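To keep things clear, I will list the structure first and then write my remarks on it.
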Amino acid sequence: MTAKRKNLFLLCENSGYLLFEKAGITPNNSDIREIPCAGRVEKNELLDLLENEYRKIIIVSCFEGACHYVYGNKRCAKKIEALKKDLTELSLDTEIIEFHSLSANMLEDFREIINKAES
Amino acid sequence: MIVVKRKPIKEILEFVKNSKNILIAGCGTCAAVCLEGGEKEAAEIKGLLNLHFKNEDKNISALCDSAVRLCDPEFVKDIKLKCNVLPDVIISLGCGAGVQMVSDIFESVPVFPGINTTFLGTNDELGVFSEKCQGCGECILDKTGGICPVSRCSKSLLNGPCGGSSDGKCEVDDTIDCAWQLIFDRLKTMNMLDKMQEIIPVKDWRTSRDGGVRAMVKEEAVIDKNEE
Ligand code: SF4
Ligand code: SF4
């Protein structure tokens with residue numbers, strides 16, 4: 001029997017990852033990866049991870065207007081939107097990718113996201 | 001550069017749905033700069049198709065590869081050499097010329113276009129392109145302040161403007177700058193307004209798309225291998 005696939009969290013080092021450290025949660029069903037900026041995330045890399053390793057990818061970027069690289073979170077949001085459009089066209093589940101913009105003080109929102117993924 | 005746009009993913013799926021061994025071929029030059037058909041986009045299409053096949057419980061897998069240019073035989077031959085088995089179908093992400101070169105090299109394999117070839121243009125900013133040339137075969141930019149009336153005037157007028165230019169915009173669509181206003185402004189900036197008085201003679205369109213298929217040979221680069 002193949003093991004149930006995990007979720008992957010891609011957490012921006014300036015927001016999502018700080019929240020993860022504060023939350024004090026040890027996930028069982030999710031892997032955590034710290035990334036320099038959500039803008040760096042590429043659609044082909046996400047698809048490769050979904051094809052071969054993970055059941056769902058959750059990206060947490062900086063809050064709107066607060067990206068340390070100015071437009072990284074906006075760029076990422078637009079790429080995810082385009083990707084979801086393609087997934088819809090192929091009748092695939094668009095929930096396999098989640099994108100959130102959070103500031104480093106939105107701990108409760110982050111807890112909710114990670115608890116939902118873990119449940 | 002040649003500006004291209006990826007076809008809807010559903011259309012690409014239609015091309016490959018009856019195949020088992022699919023190759024997505026990306027082009028590392030114009031199509032990559034357009035963010036539509038380069039290495040990343042080839043991997044993206046591969047990923048989308050494979051997720052779809054998996055979801056349908058089909059034992060089909062797409063692979064991807066890319067070349068510096070798909071319009072050059074030596075690079076396409078490299079892709080072919082790397083194939084352990086020939087694919088059943090290829091989606092080429094190069095412009096129309098690239099699709100045809102891939103067809104020539106892969107001979108028996110059906111090759112379908114994964115992108116639409118749109119125009120010759122410039123990359124004005126990331127993701128923004130505009131048409132600048134129609135490859136007319138006899139460039140007249142020296143006469144028009146470096147702005148092309150063939151591609152940028154909606155009526156391709158060589159001695160414009162027409163009577164419809166208004167506030168610098170074209171009468172065909174007021175989101176388009178009137179090419180002849182641009183030509184006037186540019187000539188004025190360069191202190192060459194007298195050029196506006198010169199009549200550009202009737203153009204010989206045989207060098208354009210009216211004289212059948214075009215070819216170009218740069219003699220000094222061609223070696224006759226049969227010659228002693
Ligand atoms: S005049 Fe002809 S070759 Fe020159 S830019 Fe215009 S279409 Fe292209
Ligand atoms: S308004 Fe200007 S660009 Fe438009 S058709 Fe007339 S001359 Fe050409």
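Just remember, in the structure tokens the first chain shown is A, the second B, etc., residues are 1-based per chain, and ligands are 1-based in the order shown.
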Q) Which neighbours of segment 92-102 of chain B fall inside 7 Å, counting only C-alpha atoms, when residues of the same chain fewer than 4 positions from it are skipped, and could you give them as a list in words? A)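 Result of the neighbour search: Val4, Ile24, Ala25, Gly26, Cys27, Ala31, Gly37, Leu70, Cys71, Pro73, Val76, Phe106, Val111, Phe112, Pro113, Gly114, Ile115 and Thr117 of chain B.
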(Q) From a backbone DSSP assignment, name each residue in segment 166-206 of chain B labelled strand (DSSP E), as a PyMOL selection string. (A) chain B and resi 169-170+173-177
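Restricting the atom set to only C-alpha atoms and all ligand atoms, one finds that the residues within 7 Å of ligand 1 amount to Lys132, Cys133, Gln134, Gly135, Cys136, Gly137, Glu138, Cys139, Ile140, Leu141, Cys148, Pro149, Val150 and Ser151 of chain B.
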Q.
Please list as a ChimeraX atom specification every residue within 9 Å of segment 77-79 of chain A, counting only C-alpha atoms and excluding residues in the same chain fewer than 5 positions away.
A. /A:38-39,41-43,72,84,99-101
Keeping only N, CA, C and O atoms, take the residues you just selected and write them out as a PDB file, in the first residue's frame.
ATOM      1  N   ALA A  38       7.772  34.445  -2.316  1.00  0.00           N
ATOM      2  CA  ALA A  38       6.752  33.694  -3.064  1.00  0.00           C
ATOM      3  C   ALA A  38       6.859  33.958  -4.570  1.00  0.00           C
ATOM      4  O   ALA A  38       6.482  33.126  -5.380  1.00  0.00           O
ATOM      5  N   GLY A  39       7.391  35.118  -4.924  1.00  0.00           N
ATOM      6  CA  GLY A  39       7.536  35.458  -6.345  1.00  0.00           C
ATOM      7  C   GLY A  39       8.454  34.500  -7.074  1.00  0.00           C
ATOM      8  O   GLY A  39       8.418  34.387  -8.296  1.00  0.00           O
ATOM      9  N   VAL A  41       8.359  31.287  -6.832  1.00  0.00           N
ATOM     10  CA  VAL A  41       7.668  30.021  -7.104  1.00  0.00           C
ATOM     11  C   VAL A  41       7.275  29.952  -8.583  1.00  0.00           C
ATOM     12  O   VAL A  41       6.735  30.894  -9.142  1.00  0.00           O
ATOM     13  N   GLU A  42       7.599  28.832  -9.215  1.00  0.00           N
ATOM     14  CA  GLU A  42       7.262  28.654 -10.637  1.00  0.00           C
ATOM     15  C   GLU A  42       6.186  27.587 -10.788  1.00  0.00           C
ATOM     16  O   GLU A  42       6.199  26.566 -10.099  1.00  0.00           O
ATOM     17  N   LYS A  43       5.302  27.804 -11.756  1.00  0.00           N
ATOM     18  CA  LYS A  43       4.180  26.877 -11.952  1.00  0.00           C
ATOM     19  C   LYS A  43       4.659  25.469 -12.297  1.00  0.00           C
ATOM     20  O   LYS A  43       4.107  24.487 -11.816  1.00  0.00           O
ATOM     21  N   GLY A  72       6.674  40.400  -5.305  1.00  0.00           N
ATOM     22  CA  GLY A  72       6.761  38.928  -5.291  1.00  0.00           C
ATOM     23  C   GLY A  72       5.430  38.271  -4.977  1.00  0.00           C
ATOM     24  O   GLY A  72       5.027  37.312  -5.643  1.00  0.00           O
ATOM     25  N   LYS A  84      -4.683  27.846 -11.781  1.00  0.00           N
ATOM     26  CA  LYS A  84      -6.008  27.322 -11.414  1.00  0.00           C
ATOM     27  C   LYS A  84      -6.948  27.337 -12.621  1.00  0.00           C
ATOM     28  O   LYS A  84      -7.804  26.467 -12.758  1.00  0.00           O
ATOM     29  N   PHE A  99      -3.175  29.660  -1.950  1.00  0.00           N
ATOM     30  CA  PHE A  99      -2.265  30.810  -1.841  1.00  0.00           C
ATOM     31  C   PHE A  99      -2.832  31.768  -0.793  1.00  0.00           C
ATOM     32  O   PHE A  99      -4.009  32.119  -0.834  1.00  0.00           O
ATOM     33  N   HIS A 100      -1.998  32.162   0.165  1.00  0.00           N
ATOM     34  CA  HIS A 100      -2.421  33.113   1.204  1.00  0.00           C
ATOM     35  C   HIS A 100      -1.406  34.226   1.332  1.00  0.00           C
ATOM     36  O   HIS A 100      -0.201  33.993   1.251  1.00  0.00           O
ATOM     37  N   SER A 101      -1.915  35.438   1.543  1.00  0.00           N
ATOM     38  CA  SER A 101      -1.046  36.579   1.856  1.00  0.00           C
ATOM     39  C   SER A 101      -1.265  36.935   3.314  1.00  0.00           C
ATOM     40  O   SER A 101      -2.346  37.398   3.689  1.00  0.00           O
TER      41      SER A 101
END
Shell of 8 Å around segment 4-11 of chain A, only C-alpha atoms, local chain residues under 5 positions omitted, as a PDB file with N, CA, C and O atoms, in the first residue's frame:
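File produced: part.pdb:
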ATOM      1  N   GLY A  16       5.307  33.922   6.154  1.00  0.00           N
ATOM      2  CA  GLY A  16       4.793  32.581   6.446  1.00  0.00           C
ATOM      3  C   GLY A  16       5.708  31.788   7.368  1.00  0.00           C
ATOM      4  O   GLY A  16       5.241  31.141   8.316  1.00  0.00           O
ATOM      5  N   TYR A  17       7.004  31.854   7.122  1.00  0.00           N
ATOM      6  CA  TYR A  17       7.905  31.034   7.945  1.00  0.00           C
ATOM      7  C   TYR A  17       8.000  31.585   9.365  1.00  0.00           C
ATOM      8  O   TYR A  17       8.083  30.816  10.333  1.00  0.00           O
ATOM      9  N   ASN A  29       1.314  15.730   8.822  1.00  0.00           N
ATOM     10  CA  ASN A  29       0.929  15.430   7.433  1.00  0.00           C
ATOM     11  C   ASN A  29       1.447  16.458   6.433  1.00  0.00           C
ATOM     12  O   ASN A  29       0.996  16.494   5.299  1.00  0.00           O
ATOM     13  N   SER A  30       2.332  17.308   6.887  1.00  0.00           N
ATOM     14  CA  SER A  30       2.812  18.370   5.993  1.00  0.00           C
ATOM     15  C   SER A  30       4.315  18.535   6.121  1.00  0.00           C
ATOM     16  O   SER A  30       4.871  18.428   7.216  1.00  0.00           O
ATOM     17  N   ASP A  31       4.934  18.804   4.986  1.00  0.00           N
ATOM     18  CA  ASP A  31       6.345  19.204   4.994  1.00  0.00           C
ATOM     19  C   ASP A  31       6.395  20.722   4.906  1.00  0.00           C
ATOM     20  O   ASP A  31       5.534  21.339   4.270  1.00  0.00           O
ATOM     21  N   ILE A  32       7.416  21.281   5.524  1.00  0.00           N
ATOM     22  CA  ILE A  32       7.540  22.742   5.565  1.00  0.00           C
ATOM     23  C   ILE A  32       8.808  23.139   4.821  1.00  0.00           C
ATOM     24  O   ILE A  32       9.877  22.567   5.064  1.00  0.00           O
ATOM     25  N   ARG A  33       8.668  24.098   3.909  1.00  0.00           N
ATOM     26  CA  ARG A  33       9.861  24.606   3.229  1.00  0.00           C
ATOM     27  C   ARG A  33       9.884  26.128   3.302  1.00  0.00           C
ATOM     28  O   ARG A  33       8.887  26.774   2.969  1.00  0.00           O
ATOM     29  N   GLU A  34      11.011  26.655   3.734  1.00  0.00           N
ATOM     30  CA  GLU A  34      11.168  28.109   3.794  1.00  0.00           C
ATOM     31  C   GLU A  34      11.691  28.569   2.432  1.00  0.00           C
ATOM     32  O   GLU A  34      12.633  27.986   1.901  1.00  0.00           O
ATOM     33  N   ILE A  35      11.062  29.599   1.877  1.00  0.00           N
ATOM     34  CA  ILE A  35      11.513  30.105   0.569  1.00  0.00           C
ATOM     35  C   ILE A  35      11.841  31.603   0.682  1.00  0.00           C
ATOM     36  O   ILE A  35      11.278  32.294   1.526  1.00  0.00           O
ATOM     37  N   ALA A  38       7.772  34.445  -2.316  1.00  0.00           N
ATOM     38  CA  ALA A  38       6.752  33.694  -3.064  1.00  0.00           C
ATOM     39  C   ALA A  38       6.859  33.958  -4.570  1.00  0.00           C
ATOM     40  O   ALA A  38       6.482  33.126  -5.380  1.00  0.00           O
ATOM     41  N   GLU A  53       5.076  14.140  -5.699  1.00  0.00           N
ATOM     42  CA  GLU A  53       5.324  14.014  -4.266  1.00  0.00           C
ATOM     43  C   GLU A  53       4.168  14.381  -3.341  1.00  0.00           C
ATOM     44  O   GLU A  53       3.949  13.714  -2.335  1.00  0.00           O
ATOM     45  N   TYR A  54       3.494  15.457  -3.641  1.00  0.00           N
ATOM     46  CA  TYR A  54       2.555  16.004  -2.651  1.00  0.00           C
ATOM     47  C   TYR A  54       1.124  15.986  -3.150  1.00  0.00           C
ATOM     48  O   TYR A  54       0.876  16.017  -4.352  1.00  0.00           O
ATOM     49  N   ARG A  55       0.186  15.953  -2.163  1.00  0.00           N
ATOM     50  CA  ARG A  55      -1.223  15.977  -2.576  1.00  0.00           C
ATOM     51  C   ARG A  55      -1.729  17.405  -2.680  1.00  0.00           C
ATOM     52  O   ARG A  55      -2.675  17.688  -3.411  1.00  0.00           O
ATOM     53  N   LYS A  56      -1.064  18.307  -1.951  1.00  0.00           N
ATOM     54  CA  LYS A  56      -1.538  19.699  -1.949  1.00  0.00           C
ATOM     55  C   LYS A  56      -0.367  20.621  -1.612  1.00  0.00           C
ATOM     56  O   LYS A  56       0.493  20.253  -0.812  1.00  0.00           O
ATOM     57  N   ILE A  57      -0.363  21.808  -2.210  1.00  0.00           N
ATOM     58  CA  ILE A  57       0.680  22.785  -1.890  1.00  0.00           C
ATOM     59  C   ILE A  57       0.028  24.065  -1.373  1.00  0.00           C
ATOM     60  O   ILE A  57      -0.927  24.572  -1.983  1.00  0.00           O
ATOM     61  N   ILE A  58       0.541  24.546  -0.260  1.00  0.00           N
ATOM     62  CA  ILE A  58      -0.002  25.765   0.350  1.00  0.00           C
ATOM     63  C   ILE A  58       1.127  26.797   0.419  1.00  0.00           C
ATOM     64  O   ILE A  58       2.183  26.536   1.008  1.00  0.00           O
ATOM     65  N   ILE A  59       0.893  27.911  -0.224  1.00  0.00           N
ATOM     66  CA  ILE A  59       1.920  28.962  -0.253  1.00  0.00           C
ATOM     67  C   ILE A  59       1.474  30.097   0.662  1.00  0.00           C
ATOM     68  O   ILE A  59       0.322  30.542   0.580  1.00  0.00           O
ATOM     69  N   VAL A  60       2.368  30.542   1.515  1.00  0.00           N
ATOM     70  CA  VAL A  60       2.039  31.713   2.339  1.00  0.00           C
ATOM     71  C   VAL A  60       3.064  32.804   2.046  1.00  0.00           C
ATOM     72  O   VAL A  60       4.258  32.648   2.307  1.00  0.00           O
ATOM     73  N   SER A  61       2.562  33.892   1.481  1.00  0.00           N
ATOM     74  CA  SER A  61       3.442  35.012   1.118  1.00  0.00           C
ATOM     75  C   SER A  61       3.192  36.175   2.071  1.00  0.00           C
ATOM     76  O   SER A  61       2.322  36.111   2.938  1.00  0.00           O
ATOM     77  N   ALA A 117      -5.141  21.927   7.055  1.00  0.00           N
ATOM     78  CA  ALA A 117      -4.341  21.035   6.204  1.00  0.00           C
ATOM     79  C   ALA A 117      -3.980  19.749   6.937  1.00  0.00           C
ATOM     80  O   ALA A 117      -3.902  18.674   6.333  1.00  0.00           O
TER      81      ALA A 117
END
Q | Counting only C-alpha atoms, chain B residues within 10 Å of chain A, as JSON, numbers by chain | A | {"B": [8, 9, 10, 11, 13, 39, 40, 41, 42, 43, 44, 45, 46, 47, 48, 49, 50, 51, 52, 53, 54, 55, 56]}
Include C-alpha atoms and write out the residues we just selected as a PDB file, in the first residue's frame.
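Ended up saving to part.pdb:
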ATOM      1  CA  PRO B   8      -5.607  26.850 -24.343  1.00  0.00           C
ATOM      2  CA  ILE B   9      -4.580  23.711 -22.461  1.00  0.00           C
ATOM      3  CA  LYS B  10      -7.788  21.955 -23.527  1.00  0.00           C
ATOM      4  CA  GLU B  11      -6.845  22.398 -27.189  1.00  0.00           C
ATOM      5  CA  LEU B  13      -5.050  17.993 -24.681  1.00  0.00           C
ATOM      6  CA  GLU B  39      11.687  25.284 -21.001  1.00  0.00           C
ATOM      7  CA  LYS B  40       9.520  26.219 -18.000  1.00  0.00           C
ATOM      8  CA  GLU B  41       6.327  26.342 -20.013  1.00  0.00           C
ATOM      9  CA  ALA B  42       7.105  22.974 -21.623  1.00  0.00           C
ATOM     10  CA  ALA B  43       7.492  21.506 -18.125  1.00  0.00           C
ATOM     11  CA  GLU B  44       4.275  23.197 -17.087  1.00  0.00           C
ATOM     12  CA  ILE B  45       2.266  21.668 -19.953  1.00  0.00           C
ATOM     13  CA  LYS B  46       3.842  18.294 -19.213  1.00  0.00           C
ATOM     14  CA  GLY B  47       2.810  18.608 -15.558  1.00  0.00           C
ATOM     15  CA  LEU B  48      -0.759  19.646 -16.381  1.00  0.00           C
ATOM     16  CA  LEU B  49      -1.238  16.804 -18.863  1.00  0.00           C
ATOM     17  CA  ASN B  50       0.237  14.241 -16.501  1.00  0.00           C
ATOM     18  CA  LEU B  51      -1.997  15.380 -13.629  1.00  0.00           C
ATOM     19  CA  HIS B  52      -4.958  15.074 -15.984  1.00  0.00           C
ATOM     20  CA  PHE B  53      -4.000  11.556 -17.124  1.00  0.00           C
ATOM     21  CA  LYS B  54      -3.422  10.472 -13.540  1.00  0.00           C
ATOM     22  CA  ASN B  55      -6.803  11.847 -12.552  1.00  0.00           C
ATOM     23  CA  GLU B  56      -8.379   9.799 -15.355  1.00  0.00           C
TER      24      GLU B  56
END
Q: Could you report the residues within 7 Å of ligand 2, using only C-alpha atoms and all ligand atoms, as a list in words?
A: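 Taking only C-alpha atoms and all ligand atoms into account, the residues around ligand 2 at most 7 Å away are Arg152, Cys153, Ser154, Lys155, Ser156, Leu157, Gly160, Pro161, Cys162, Gly163, Gly164, Ser165, Ser166, Lys169, Cys170, Glu171, Val172, Asp177, Cys178, Ala179, Trp180 and Gln181 of chain B.
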Q) Contacts of Asp78 of chain B at 10 Å or less, counting only C-alpha atoms, minus same-chain residues fewer than 5 places along, as a PyMOL selection string? A) chain B and resi 66-67+73+83
List the neighbours of segment 62-65 of chain A out to 8 Å using only C-alpha atoms; skip same-chain residues closer than 5 positions along the sequence, and give me the result as a compact mmCIF listing (two decimals) with N, CA, C and O atoms, in the first residue's frame.
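Contents of around.txt, freshly written:
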# COMPACT_ATOMS: atom_id res chain seq x y z
N CYS A 12 7.15 31.94 2.81
CA CYS A 12 8.07 33.05 2.59
C CYS A 12 8.83 33.34 3.90
O CYS A 12 8.23 33.39 4.98
N ASN A 14 9.91 35.91 5.09
CA ASN A 14 9.59 37.17 5.76
C ASN A 14 8.19 37.21 6.36
O ASN A 14 7.82 38.21 6.98
N SER A 15 7.40 36.17 6.14
CA SER A 15 6.04 36.18 6.70
C SER A 15 5.63 34.78 7.12
O SER A 15 5.63 34.45 8.31
N GLY A 16 5.31 33.92 6.15
CA GLY A 16 4.79 32.58 6.45
C GLY A 16 5.71 31.79 7.37
O GLY A 16 5.24 31.14 8.32
N VAL A 70 8.98 43.75 -3.22
CA VAL A 70 7.98 44.65 -3.80
C VAL A 70 6.77 43.93 -4.41
O VAL A 70 5.64 44.11 -3.95
N TYR A 71 6.99 43.12 -5.47
CA TYR A 71 5.83 42.53 -6.16
C TYR A 71 5.80 41.00 -6.10
O TYR A 71 5.00 40.39 -6.80
N ASN A 73 4.72 38.78 -3.95
CA ASN A 73 3.43 38.17 -3.58
C ASN A 73 2.39 38.35 -4.69
O ASN A 73 1.63 37.44 -5.00
N LYS A 74 2.41 39.52 -5.33
CA LYS A 74 1.46 39.78 -6.43
C LYS A 74 1.74 38.86 -7.60
O LYS A 74 0.83 38.29 -8.21
N SER A 101 -1.91 35.44 1.54
CA SER A 101 -1.05 36.58 1.86
C SER A 101 -1.27 36.94 3.31
O SER A 101 -2.35 37.40 3.69
N LEU A 102 -0.26 36.72 4.14
CA LEU A 102 -0.41 37.00 5.58
C LEU A 102 0.75 37.84 6.07
O LEU A 102 1.88 37.69 5.59
N SER A 103 0.46 38.70 7.05
CA SER A 103 1.59 39.41 7.67
C SER A 103 2.03 38.60 8.88
O SER A 103 1.30 37.72 9.36
N ALA A 104 3.21 38.91 9.37
CA ALA A 104 3.81 38.07 10.41
C ALA A 104 3.06 38.15 11.74
O ALA A 104 3.38 37.42 12.68
**Q.** helix (DSSP H, G or I) positions in segment 42-157 of chain B, given as JSON, numbers by chain
**A.** {"B": [42, 43, 44, 45, 46, 47, 48, 49, 50, 51, 52, 53, 54, 55, 73, 74, 75, 76, 77, 78, 79, 80, 81, 82, 96, 97, 98, 99, 100, 101, 102, 103, 104, 105, 106, 141, 142, 143, 149, 150, 151, 152]}
(Q) Taking only C-alpha atoms into account, name the residue in B:Val89, B:Phe75, B:Trp205, B:Leu193 that is nearest to Ile12 of chain B. (A) B:Val89
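Atom CA of Asp72 of chain B to atom CA of Ile60 of chain B spans 29.4 Å [interatomic distance, one decimal].
Residues within 10 Å of Ile25 of chain A, counting only C-alpha atoms and excluding same-chain residues fewer than 2 positions away, are Phe20, Glu21, Lys22, Ala23, Pro27, Asn28, Arg111, Ile114 and Asn115 of chain A.
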Q | Separation of atom CA of Phe129 of chain B from atom CA of Leu187 of chain B, in Å and rounded to one decimal | A |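 The value is 24.0 Å.
From atom CA of Phe119 of chain B back to atom CA of Gly212 of chain B, the distance works out to 19.3 Å.
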